[in-house]
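For reference, work-v4.cif (mmCIF, C-alpha atoms and all ligand atoms):
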```cif
data_final
loop_
_atom_site.label_atom_id
_atom_site.label_comp_id
_atom_site.auth_asym_id
_atom_site.auth_seq_id
_atom_site.Cartn_x
_atom_site.Cartn_y
_atom_site.Cartn_z
CA GLN A 1 -27.19 -2.83 -29.60
CA HIS A 2 -25.11 -4.64 -27.02
CA ALA A 3 -21.62 -6.02 -26.78
CA ILE A 4 -19.88 -8.33 -24.37
CA GLY A 5 -16.81 -7.07 -22.59
CA VAL A 6 -14.30 -9.49 -21.10
CA ASP A 7 -11.53 -8.15 -18.87
CA ILE A 8 -8.86 -10.73 -18.16
CA GLY A 9 -6.57 -9.99 -15.23
CA GLY A 10 -4.00 -11.91 -13.26
CA THR A 11 -6.44 -12.67 -10.45
CA LYS A 12 -9.91 -12.38 -11.96
CA VAL A 13 -11.88 -12.28 -15.19
CA ALA A 14 -14.80 -9.85 -15.40
CA ILE A 15 -17.49 -10.43 -18.02
CA ALA A 16 -20.30 -7.98 -18.74
CA ILE A 17 -22.98 -7.15 -21.25
CA VAL A 18 -22.72 -3.48 -22.08
CA ASP A 19 -25.01 -1.26 -24.14
CA GLU A 20 -23.88 1.40 -26.61
CA ALA A 21 -24.13 4.09 -23.95
CA GLY A 22 -21.63 2.20 -21.82
CA ASN A 23 -24.13 0.88 -19.26
CA ILE A 24 -23.46 -2.52 -17.74
CA LEU A 25 -26.55 -4.76 -17.90
CA THR A 26 -25.11 -7.79 -16.15
CA GLU A 27 -21.68 -8.48 -14.82
CA SER A 28 -20.01 -11.61 -13.58
CA VAL A 29 -16.58 -12.21 -12.12
CA ILE A 30 -14.70 -15.50 -12.03
CA PRO A 31 -11.23 -16.17 -10.61
CA THR A 32 -8.34 -16.53 -13.04
CA ASP A 33 -7.07 -20.04 -12.44
CA LEU A 34 -3.43 -20.07 -13.54
CA SER A 35 -2.96 -23.66 -12.33
CA ILE A 36 -4.97 -25.05 -15.25
CA PRO A 37 -3.93 -24.89 -18.92
CA ALA A 38 -4.80 -21.56 -20.56
CA ILE A 39 -7.06 -23.28 -23.07
CA LYS A 40 -9.13 -24.74 -20.21
CA MET A 41 -9.40 -21.32 -18.61
CA VAL A 42 -10.62 -19.88 -21.91
CA GLY A 43 -13.23 -22.67 -21.92
CA LYS A 44 -14.37 -21.51 -18.48
CA ILE A 45 -14.59 -17.96 -19.79
CA ASN A 46 -16.73 -19.16 -22.70
CA ASN A 47 -19.08 -20.94 -20.27
CA GLU A 48 -19.40 -17.84 -18.15
CA ILE A 49 -20.12 -15.67 -21.19
CA GLU A 50 -22.89 -18.12 -22.07
CA GLN A 51 -24.34 -17.89 -18.56
CA VAL A 52 -24.27 -14.10 -18.65
CA ILE A 53 -26.06 -14.05 -22.01
CA LYS A 54 -28.71 -16.48 -20.69
CA ARG A 55 -29.22 -14.47 -17.54
CA THR A 56 -29.87 -11.26 -19.48
CA GLY A 57 -32.10 -13.02 -22.01
CA ILE A 58 -30.65 -10.97 -24.86
CA PRO A 59 -30.96 -12.81 -28.19
CA MET A 60 -27.63 -13.52 -29.91
CA GLU A 61 -28.67 -11.37 -32.91
CA GLN A 62 -28.58 -8.30 -30.69
CA LEU A 63 -24.99 -8.90 -29.67
CA ILE A 64 -22.61 -7.19 -32.06
CA GLY A 65 -19.48 -8.77 -30.71
CA ILE A 66 -17.21 -9.74 -27.87
CA GLY A 67 -14.33 -7.48 -26.88
CA ILE A 68 -11.49 -8.85 -24.79
CA GLY A 69 -9.00 -6.80 -22.80
CA ALA A 70 -5.95 -8.65 -21.53
CA PRO A 71 -2.50 -7.86 -20.15
CA GLY A 72 0.20 -7.41 -22.77
CA PRO A 73 2.26 -8.30 -24.59
CA LEU A 74 -0.23 -9.64 -27.08
CA ASP A 75 -0.92 -9.72 -30.78
CA SER A 76 -4.20 -7.90 -31.20
CA LYS A 77 -4.18 -8.19 -34.96
CA ASN A 78 -4.13 -11.98 -34.84
CA GLY A 79 -6.03 -12.22 -31.56
CA ILE A 80 -3.26 -13.97 -29.67
CA ILE A 81 -2.23 -13.53 -26.04
CA THR A 82 1.53 -13.94 -26.45
CA SER A 83 3.26 -14.20 -23.08
CA PRO A 84 2.07 -11.73 -20.45
CA PRO A 85 4.07 -11.71 -17.18
CA ASN A 86 0.76 -11.37 -15.31
CA LEU A 87 -0.71 -14.52 -16.86
CA SER A 88 2.05 -17.01 -16.32
CA GLY A 89 1.68 -20.08 -18.50
CA TRP A 90 -0.38 -18.29 -21.15
CA ILE A 91 1.88 -18.62 -24.15
CA ASP A 92 0.58 -17.95 -27.65
CA VAL A 93 -3.07 -18.49 -26.74
CA PRO A 94 -5.27 -17.89 -29.83
CA ILE A 95 -8.08 -16.58 -27.66
CA THR A 96 -9.95 -14.66 -30.36
CA GLN A 97 -10.24 -17.74 -32.55
CA ILE A 98 -11.40 -19.97 -29.68
CA VAL A 99 -14.08 -17.56 -28.53
CA GLU A 100 -15.19 -16.74 -32.08
CA GLN A 101 -15.62 -20.43 -32.89
CA HIS A 102 -17.79 -20.86 -29.83
CA PHE A 103 -20.14 -17.90 -30.34
CA SER A 104 -19.94 -17.14 -34.08
CA ILE A 105 -19.86 -13.37 -33.53
CA PRO A 106 -16.89 -11.01 -34.09
CA VAL A 107 -14.31 -11.06 -31.32
CA SER A 108 -11.60 -8.46 -30.79
CA LEU A 109 -8.63 -8.40 -28.44
CA GLU A 110 -6.67 -5.41 -27.14
CA ASN A 111 -4.30 -4.85 -24.27
CA ASP A 112 -6.04 -3.73 -21.09
CA ALA A 113 -4.67 -0.18 -21.05
CA ASN A 114 -5.90 0.35 -24.62
CA ALA A 115 -9.32 -1.00 -23.64
CA ALA A 116 -9.46 1.34 -20.65
CA ALA A 117 -8.60 4.25 -22.96
CA MET A 118 -11.59 3.28 -25.12
CA ALA A 119 -13.83 3.24 -22.05
CA GLU A 120 -12.72 6.73 -21.06
CA ARG A 121 -13.51 7.85 -24.59
CA LEU A 122 -16.95 6.21 -24.67
CA ILE A 123 -18.30 7.39 -21.32
CA GLY A 124 -15.40 8.66 -19.22
CA ALA A 125 -13.09 11.63 -19.01
CA ALA A 126 -12.17 11.83 -22.71
CA GLN A 127 -15.55 11.86 -24.45
CA GLU A 128 -14.73 15.05 -26.32
CA ASN A 129 -11.19 14.13 -27.22
CA ASP A 130 -9.80 12.76 -30.47
CA ASN A 131 -6.21 13.09 -29.29
CA PHE A 132 -5.51 11.92 -25.77
CA ALA A 133 -3.61 9.38 -23.76
CA TYR A 134 -4.85 7.25 -20.90
CA ILE A 135 -2.14 6.31 -18.43
CA THR A 136 -2.64 3.78 -15.66
CA VAL A 137 -0.33 4.01 -12.67
CA SER A 138 -1.02 0.81 -10.81
CA THR A 139 1.03 -2.31 -10.03
CA GLY A 140 2.79 -1.46 -13.30
CA ILE A 141 2.39 1.49 -15.67
CA GLY A 142 0.72 1.27 -19.06
CA ALA A 143 -0.99 3.58 -21.50
CA GLY A 144 -3.43 3.68 -24.33
CA ILE A 145 -3.12 6.37 -26.97
CA VAL A 146 -5.96 7.69 -29.10
CA ALA A 147 -4.62 9.69 -32.04
CA GLU A 148 -6.82 11.43 -34.60
CA GLY A 149 -9.83 9.62 -33.17
CA LYS A 150 -8.35 6.15 -33.44
CA LEU A 151 -6.78 3.82 -30.96
CA LEU A 152 -3.10 3.63 -31.82
CA ARG A 153 -2.19 -0.04 -32.05
CA GLY A 154 1.22 -0.25 -33.68
CA LEU A 155 2.48 -3.44 -35.26
CA LYS A 156 0.76 -5.97 -33.00
CA GLY A 157 -1.31 -3.86 -30.64
CA ASN A 158 1.32 -3.16 -28.02
CA ALA A 159 1.69 0.57 -28.70
CA GLY A 160 1.53 2.77 -25.65
CA ASP A 161 3.52 0.61 -23.28
CA ILE A 162 5.22 3.61 -21.74
CA GLY A 163 6.11 1.78 -18.52
CA HIS A 164 9.46 0.91 -20.04
CA THR A 165 10.42 4.27 -21.46
CA VAL A 166 13.47 5.76 -19.78
CA VAL A 167 12.81 8.83 -17.67
CA ASP A 168 15.81 8.96 -15.32
CA PRO A 169 18.69 6.46 -15.59
CA SER A 170 20.02 7.48 -12.16
CA PHE A 171 17.30 5.31 -10.57
CA GLY A 172 19.04 2.08 -11.55
CA LYS A 173 18.24 -1.05 -13.47
CA CYS A 174 14.66 -2.02 -14.28
CA THR A 175 13.43 -5.62 -14.54
CA CYS A 176 13.56 -5.20 -18.34
CA GLY A 177 17.30 -4.49 -18.28
CA GLN A 178 17.22 -0.77 -19.07
CA TYR A 179 18.16 1.91 -16.56
CA GLY A 180 15.55 4.29 -15.20
CA CYS A 181 12.26 3.11 -16.71
CA LEU A 182 9.13 4.97 -15.69
CA GLU A 183 7.62 1.83 -14.15
CA TRP A 184 10.76 1.15 -12.12
CA ILE A 185 10.40 4.55 -10.45
CA ALA A 186 6.74 5.51 -10.36
CA SER A 187 4.52 2.39 -10.33
CA GLY A 188 2.77 1.39 -7.10
CA THR A 189 5.27 -1.44 -6.75
CA ALA A 190 8.20 0.93 -7.25
CA ILE A 191 6.87 3.43 -4.70
CA ALA A 192 6.51 0.68 -2.08
CA ARG A 193 10.00 -0.64 -2.86
CA GLN A 194 11.71 2.75 -2.56
CA GLY A 195 9.64 3.79 0.47
CA SER A 196 10.53 0.53 2.24
CA ALA A 197 14.22 1.12 1.57
CA ILE A 198 13.99 4.58 3.15
CA ILE A 199 12.05 3.42 6.22
CA GLY A 200 14.03 0.22 6.64
CA LYS A 201 11.12 -2.23 6.65
CA ASP A 202 8.53 -3.49 4.20
CA ILE A 203 5.70 -0.99 3.82
CA SER A 204 2.90 -0.73 1.25
CA THR A 205 2.32 1.98 -1.33
CA LYS A 206 -0.51 3.36 0.80
CA ASP A 207 1.79 3.45 3.87
CA VAL A 208 4.29 5.45 1.83
CA PHE A 209 1.60 7.97 0.92
CA ASN A 210 0.41 8.16 4.52
CA LEU A 211 3.96 9.12 5.54
CA TYR A 212 3.97 11.66 2.71
CA PHE A 213 0.74 13.26 3.91
CA ASN A 214 2.08 13.21 7.48
CA GLY A 215 5.12 15.23 6.45
CA ASN A 216 7.95 12.69 6.48
CA LYS A 217 10.74 14.65 4.79
CA GLU A 218 12.57 11.79 3.09
CA ILE A 219 9.33 10.32 1.81
CA ILE A 220 8.22 13.74 0.55
CA ARG A 221 11.46 13.93 -1.42
CA LEU A 222 10.80 10.47 -2.88
CA ILE A 223 7.20 11.25 -3.86
CA GLU A 224 8.18 14.57 -5.41
CA LYS A 225 10.65 12.66 -7.58
CA VAL A 226 7.93 10.16 -8.48
CA PHE A 227 5.56 12.96 -9.50
CA ARG A 228 8.35 14.62 -11.47
CA VAL A 229 9.09 11.52 -13.52
CA LEU A 230 5.36 11.10 -14.18
CA GLY A 231 5.48 14.68 -15.45
CA VAL A 232 8.49 13.84 -17.61
CA ALA A 233 6.59 10.89 -19.11
CA CYS A 234 3.52 13.04 -19.78
CA VAL A 235 5.64 15.67 -21.53
CA SER A 236 7.16 12.97 -23.74
CA VAL A 237 3.69 11.72 -24.61
CA ILE A 238 2.43 15.24 -25.32
CA ASN A 239 5.47 16.13 -27.44
CA THR A 240 5.23 12.88 -29.37
CA PHE A 241 1.49 12.69 -29.99
CA ASP A 242 0.28 16.29 -29.65
CA THR A 243 -2.43 15.22 -27.20
CA GLU A 244 -5.01 17.61 -25.80
CA LYS A 245 -5.61 15.68 -22.61
CA ILE A 246 -3.99 13.02 -20.47
CA VAL A 247 -6.29 10.89 -18.35
CA ILE A 248 -4.60 9.18 -15.43
CA GLY A 249 -6.10 6.16 -13.68
CA GLY A 250 -4.90 3.18 -11.65
CA GLY A 251 -4.55 2.71 -7.89
CA VAL A 252 -1.80 5.27 -7.39
CA SER A 253 -3.90 8.01 -9.05
CA LYS A 254 -6.30 7.76 -6.07
CA VAL A 255 -3.76 9.89 -4.20
CA GLY A 256 -5.53 12.70 -6.02
CA ASP A 257 -4.74 16.43 -5.98
CA PRO A 258 -1.02 16.44 -5.10
CA LEU A 259 -0.32 14.02 -7.96
CA PHE A 260 -2.46 15.82 -10.53
CA GLN A 261 -1.25 19.27 -9.50
CA SER A 262 2.42 18.29 -9.67
CA ILE A 263 2.08 16.68 -13.08
CA GLN A 264 0.00 19.57 -14.40
CA ALA A 265 2.61 22.06 -13.17
CA TYR A 266 5.44 20.12 -14.82
CA VAL A 267 3.53 19.86 -18.10
CA SER A 268 2.56 23.54 -18.06
CA GLU A 269 6.22 24.43 -17.68
CA PHE A 270 8.00 21.95 -19.92
CA ALA A 271 5.78 20.66 -22.71
CA LEU A 272 6.82 22.10 -26.03
CA ASN A 273 4.85 25.03 -27.38
CA GLU A 274 1.73 26.75 -26.20
CA THR A 275 -0.66 23.91 -27.12
CA GLY A 276 1.43 21.28 -25.37
CA ARG A 277 1.63 23.30 -22.19
CA GLN A 278 -2.15 23.63 -22.13
CA THR A 279 -2.69 19.88 -22.12
CA GLU A 280 -5.08 19.00 -19.32
CA ILE A 281 -4.08 16.30 -16.84
CA VAL A 282 -7.27 14.78 -15.42
CA PRO A 283 -8.31 11.77 -13.32
CA ALA A 284 -9.94 8.77 -14.99
CA LYS A 285 -13.69 8.61 -14.48
CA LEU A 286 -14.15 4.87 -14.67
CA GLU A 287 -12.16 2.76 -12.35
CA GLN A 288 -13.37 -0.67 -11.43
CA SER A 289 -15.49 -1.05 -14.54
CA SER A 290 -13.17 0.48 -17.12
CA GLY A 291 -11.86 -2.96 -18.11
CA VAL A 292 -15.15 -4.52 -19.19
CA ILE A 293 -16.65 -1.33 -20.58
CA GLY A 294 -13.50 -0.66 -22.57
CA ALA A 295 -13.44 -4.22 -23.86
CA ALA A 296 -17.05 -3.88 -25.00
CA ALA A 297 -16.25 -0.46 -26.47
CA LEU A 298 -13.79 -2.19 -28.80
CA CYS A 299 -16.84 -3.67 -30.57
CA PHE A 300 -18.68 -0.34 -30.83
CA ALA A 301 -15.57 1.40 -32.14
CA ARG A 302 -15.07 -0.99 -35.05
P1 LIG A 401 -3.91 -3.41 -10.70
O1 LIG A 401 -2.48 -3.03 -10.86
O2 LIG A 401 -4.09 -4.81 -10.26
O3 LIG A 401 -4.74 -3.03 -11.87
P2 LIG A 401 -4.65 -1.04 -9.11
O4 LIG A 401 -4.91 -0.20 -10.29
O5 LIG A 401 -5.59 -0.96 -7.96
O6 LIG A 401 -4.51 -2.59 -9.45
O7 LIG A 401 -3.20 -0.64 -8.60
C1 LIG A 401 -2.62 -1.23 -7.51
C2 LIG A 401 -1.49 -0.34 -7.00
O8 LIG A 401 -2.02 0.91 -6.59
C3 LIG A 401 -0.82 -0.95 -5.79
O9 LIG A 401 0.56 -0.66 -5.84
C4 LIG A 401 -1.50 -0.23 -4.65
O10 LIG A 401 -0.68 -0.22 -3.50
C5 LIG A 401 -1.73 1.15 -5.21
N1 LIG A 401 -2.87 1.83 -4.58
C6 LIG A 401 -4.15 1.40 -4.51
N2 LIG A 401 -4.93 2.30 -3.87
C7 LIG A 401 -4.12 3.33 -3.53
C8 LIG A 401 -4.34 4.57 -2.86
N3 LIG A 401 -5.53 4.95 -2.38
N4 LIG A 401 -3.27 5.39 -2.72
C9 LIG A 401 -2.06 5.04 -3.18
N5 LIG A 401 -1.79 3.88 -3.80
C10 LIG A 401 -2.80 3.03 -3.99
ZN ZN A 402 11.95 -1.31 -17.93
#
```

What's the structure tokens form of this structure?
Ligand code: ADP
Ligand code: ZN
Amino acid sequence: QHAIGVDIGGTKVAIAIVDEAGNILTESVIPTDLSIPAIKMVGKINNEIEQVIKRTGIPMEQLIGIGIGAPGPLDSKNGIITSPPNLSGWIDVPITQIVEQHFSIPVSLENDANAAAMAERLIGAAQENDNFAYITVSTGIGAGIVAEGKLLRGLKGNAGDIGHTVVDPSFGKCTCGQYGCLEWIASGTAIARQGSAIIGKDISTKDVFNLYFNGNKEIIRLIEKVFRVLGVACVSVINTFDTEKIVIGGGVSKVGDPLFQSIQAYVSEFALNETGRQTEIVPAKLEQSSGVIGAAALCFAR
């Protein structure tokens, strides 16, 4: 059995045919054109899906469905992309319906962090886990939560958006209006912003980490705070969901050991009860391909 995974991002759309073991048979990437109406862009996606199916030569009967991962907020239950900041102009796009009408196979939609969580469960770092969270620390911060073996969706499929949970109000006002959101302090964007303010000129997230590894004292203090608030967020997740593992992915997680060790140390000290403190903090296994594989995994998990 095969499924089609579609990963819609602010700059590109990846489309792949994936088998039940999580292998990608064919993949294709097209740019996300935000200058054309969303409906037209969905038409382009449909065309590309068709091309990918043709290229693989897989008969339609062997395709169990199409899974779509997209930036939130969205309405996964009704298959509507509501108004994601990363897809400007996409307002109330009934993507599931449009794609379903075109291909006459089941189509499901989930936010991209939830899809990535499903990929980690299918073939990544959480294959053995029925209770875990996947957290992506990238341009923003998002999460997907699997509880009792099921992806936790909430009312419309936006559960797990931990980027806007408050971890330390002393860090000032977030773009959402609250004070001290996780994303405002610990996302790649936030690290670059705070590092630039310390150094006095615009530097990138990677530059900030280079200064950290080179021993810049002020930057070390900043990064330690960043790691601490990531620990705070993990403890909240553990205490709320009783997870056995937290998988961390996204660009910032490439920093590696210092990040994982700091978060693990915080969790081992502060999570409630023995079980919570034993929660493992591990790197994501799938990076580039987690979007399409996770989207396809939505079909297998039905
Ligand atoms: P996206 O947010 O588009 O999904 P990524 O997951 O790659 O993309 O995250 C991008 C963020 O991660 C940026 O802020 C970038 O500066 C940061 N980043 C990427 N690679 C690294 C790295 N090796 N070390 C630290 N930060 C990184
Ligand atoms: Zn916020």

Mind dumping a table of every chain A residue within 10 Å of ligand ZN 402 (chain A), with the nearest atom pair and its distance in Å to one decimal, using only C-alpha atoms and all ligand atoms, sorted by chain and rising number, as a Markdown table?
```
| residue | atom | partner | partner_atom | distance |
| --- | --- | --- | --- | --- |
| A:Ile162 | CA | A:ZN402 | ZN | 9.2 |
| A:Gly163 | CA | A:ZN402 | ZN | 6.6 |
| A:His164 | CA | A:ZN402 | ZN | 3.9 |
| A:Thr165 | CA | A:ZN402 | ZN | 6.8 |
| A:Val166 | CA | A:ZN402 | ZN | 7.5 |
| A:Lys173 | CA | A:ZN402 | ZN | 7.7 |
| A:Cys174 | CA | A:ZN402 | ZN | 4.6 |
| A:Thr175 | CA | A:ZN402 | ZN | 5.7 |
| A:Cys176 | CA | A:ZN402 | ZN | 4.2 |
| A:Gly177 | CA | A:ZN402 | ZN | 6.2 |
| A:Gln178 | CA | A:ZN402 | ZN | 5.4 |
| A:Tyr179 | CA | A:ZN402 | ZN | 7.1 |
| A:Gly180 | CA | A:ZN402 | ZN | 7.2 |
| A:Cys181 | CA | A:ZN402 | ZN | 4.6 |
| A:Leu182 | CA | A:ZN402 | ZN | 7.2 |
| A:Glu183 | CA | A:ZN402 | ZN | 6.5 |
| A:Trp184 | CA | A:ZN402 | ZN | 6.4 |
| A:Ile185 | CA | A:ZN402 | ZN | 9.6 |
```

- Message: What does the list of residues within 10 Å of ligand LIG 401 (chain A) look like if you count only C-alpha atoms and all ligand atoms, written as a PyMOL selection string?
- Response: chain A and resi 9-12+71+86+112-113+136-142+186-193+203-210+249-256+287-288+291

- Message: Could you list, as number ranges by chain, every residue within 7 Å of Ala125 in chain A, counting only C-alpha atoms and ignoring same-chain residues fewer than 2 positions away?
- Response: A: 120-121, 127, 247, 284-285

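Coordinates place CA of Asn114 in chain A at a distance of 25.8 Å from CA of Pro258 in chain A.
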
Using all atoms listed in the file, what does the table of range 88-139 of chain A residues within 10 Å of range 13-22 of chain A look like, with each row giving the shortest atom pair and its distance in Å to one decimal, sorted by chain and ascending number, as a Markdown table?
```
| residue | atom | partner | partner_atom | distance |
| --- | --- | --- | --- | --- |
| A:Ala119 | CA | A:Gly22 | CA | 7.9 |
| A:Leu122 | CA | A:Gly22 | CA | 6.8 |
| A:Ile123 | CA | A:Gly22 | CA | 6.2 |
| A:Gly124 | CA | A:Gly22 | CA | 9.3 |
```

- Query: Between A:Val52, A:Ala143, A:Val93, A:Ala159, which is the closest to Cys234 in chain A once you count only C-alpha atoms?
  - Reply: A:Ala143

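For the pair CA of Leu272 in chain A and CA of Asn239 in chain A, the separation is 6.3 Å.
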
- Message: Please compute the CA of His2 in chain A-CA of Ala116 in chain A distance, one decimal, in Å.
- Response: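 A separation of 17.9 Å between them.
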
- Query: Closest to Ile220 in chain A among A:Ser236, A:Gln194, A:Phe241, A:Asn273, using all atoms listed in the file?
  - Reply: A:Gln194

- Excluding same-chain residues fewer than 5 positions from Ile246 in chain A, what lies within 6 Å of it counting all atoms listed in the file, as a PyMOL selection string? chain A and resi 132-134+281

- Message: List the spatial neighbours of Asp92 in chain A as a VMD selection string - criterion: any atom at most 7 Å away, only C-alpha atoms, same-chain residues fewer than 3 positions off excluded.
- Response: chain A and resid 80 to 83

- Task: Go ahead and find all residues with at least one atom no further than 10 Å from (-14.4, -18.2, -29.4) in the file's coordinates, using all atoms listed in the file; report them as JSON, numbers by chain.
- Result: {"A": [42, 43, 45, 46, 66, 94, 95, 96, 97, 98, 99, 100, 101, 102, 103, 104, 105, 106, 107]}

- Item | Among listed residues A:Leu25, A:Ile30, A:Ile8, A:Ala296, nearest Gly57 in chain A (using all atoms listed in the file) | A:Leu25

- Message: I want to know what sits within 9 Å of Glu244 in chain A, based on all atoms listed in the file, with residues of the same chain fewer than 5 positions away left out; could you give that as a list of chain:residue names?
- Response: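 Surrounding residues, per the criterion: A:Asn129, A:Asp130, A:Asn131, A:Phe132, A:Ala133, A:Ile238, A:Thr275, A:Gly276, A:Gln278, A:Thr279, A:Glu280.
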
- Message: With distances taken over all atoms listed in the file, which residue among A:Gln62, A:Ser290, A:Ser268, A:Gln261 lies nearest Phe227 in chain A?
- Response: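 Using all atoms listed in the file, the shortest distance to Phe227 in chain A belongs to A:Gln261.
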
- Shortest interatomic distance to Cys299 in chain A - which of A:Gln1, A:Gln51, A:Ser35, A:Ser108, counting all atoms listed in the file: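 Among the listed residues, the smallest separation from Cys299 in chain A belongs to A:Ser108.
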
- From the set A:Gly69, A:Asn158, A:Glu218, A:Leu286, which residue has the shortest atom-to-atom contact distance to Ala115 in chain A, counting all atoms listed in the file?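 Closest to Ala115 in chain A of all the choices is A:Gly69.
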
First collect every listed atom of range 81-93 of chain A; then fit an axis-aligned box around them, widen it by 8 Å on each side, and give centre and edge lengths in Å to one decimal, as lines of an AutoDock Vina configuration file.
```
center_x = 0.5
center_y = -15.7
center_z = -21.5
size_x = 23.1
size_y = 24.7
size_z = 28.3
```
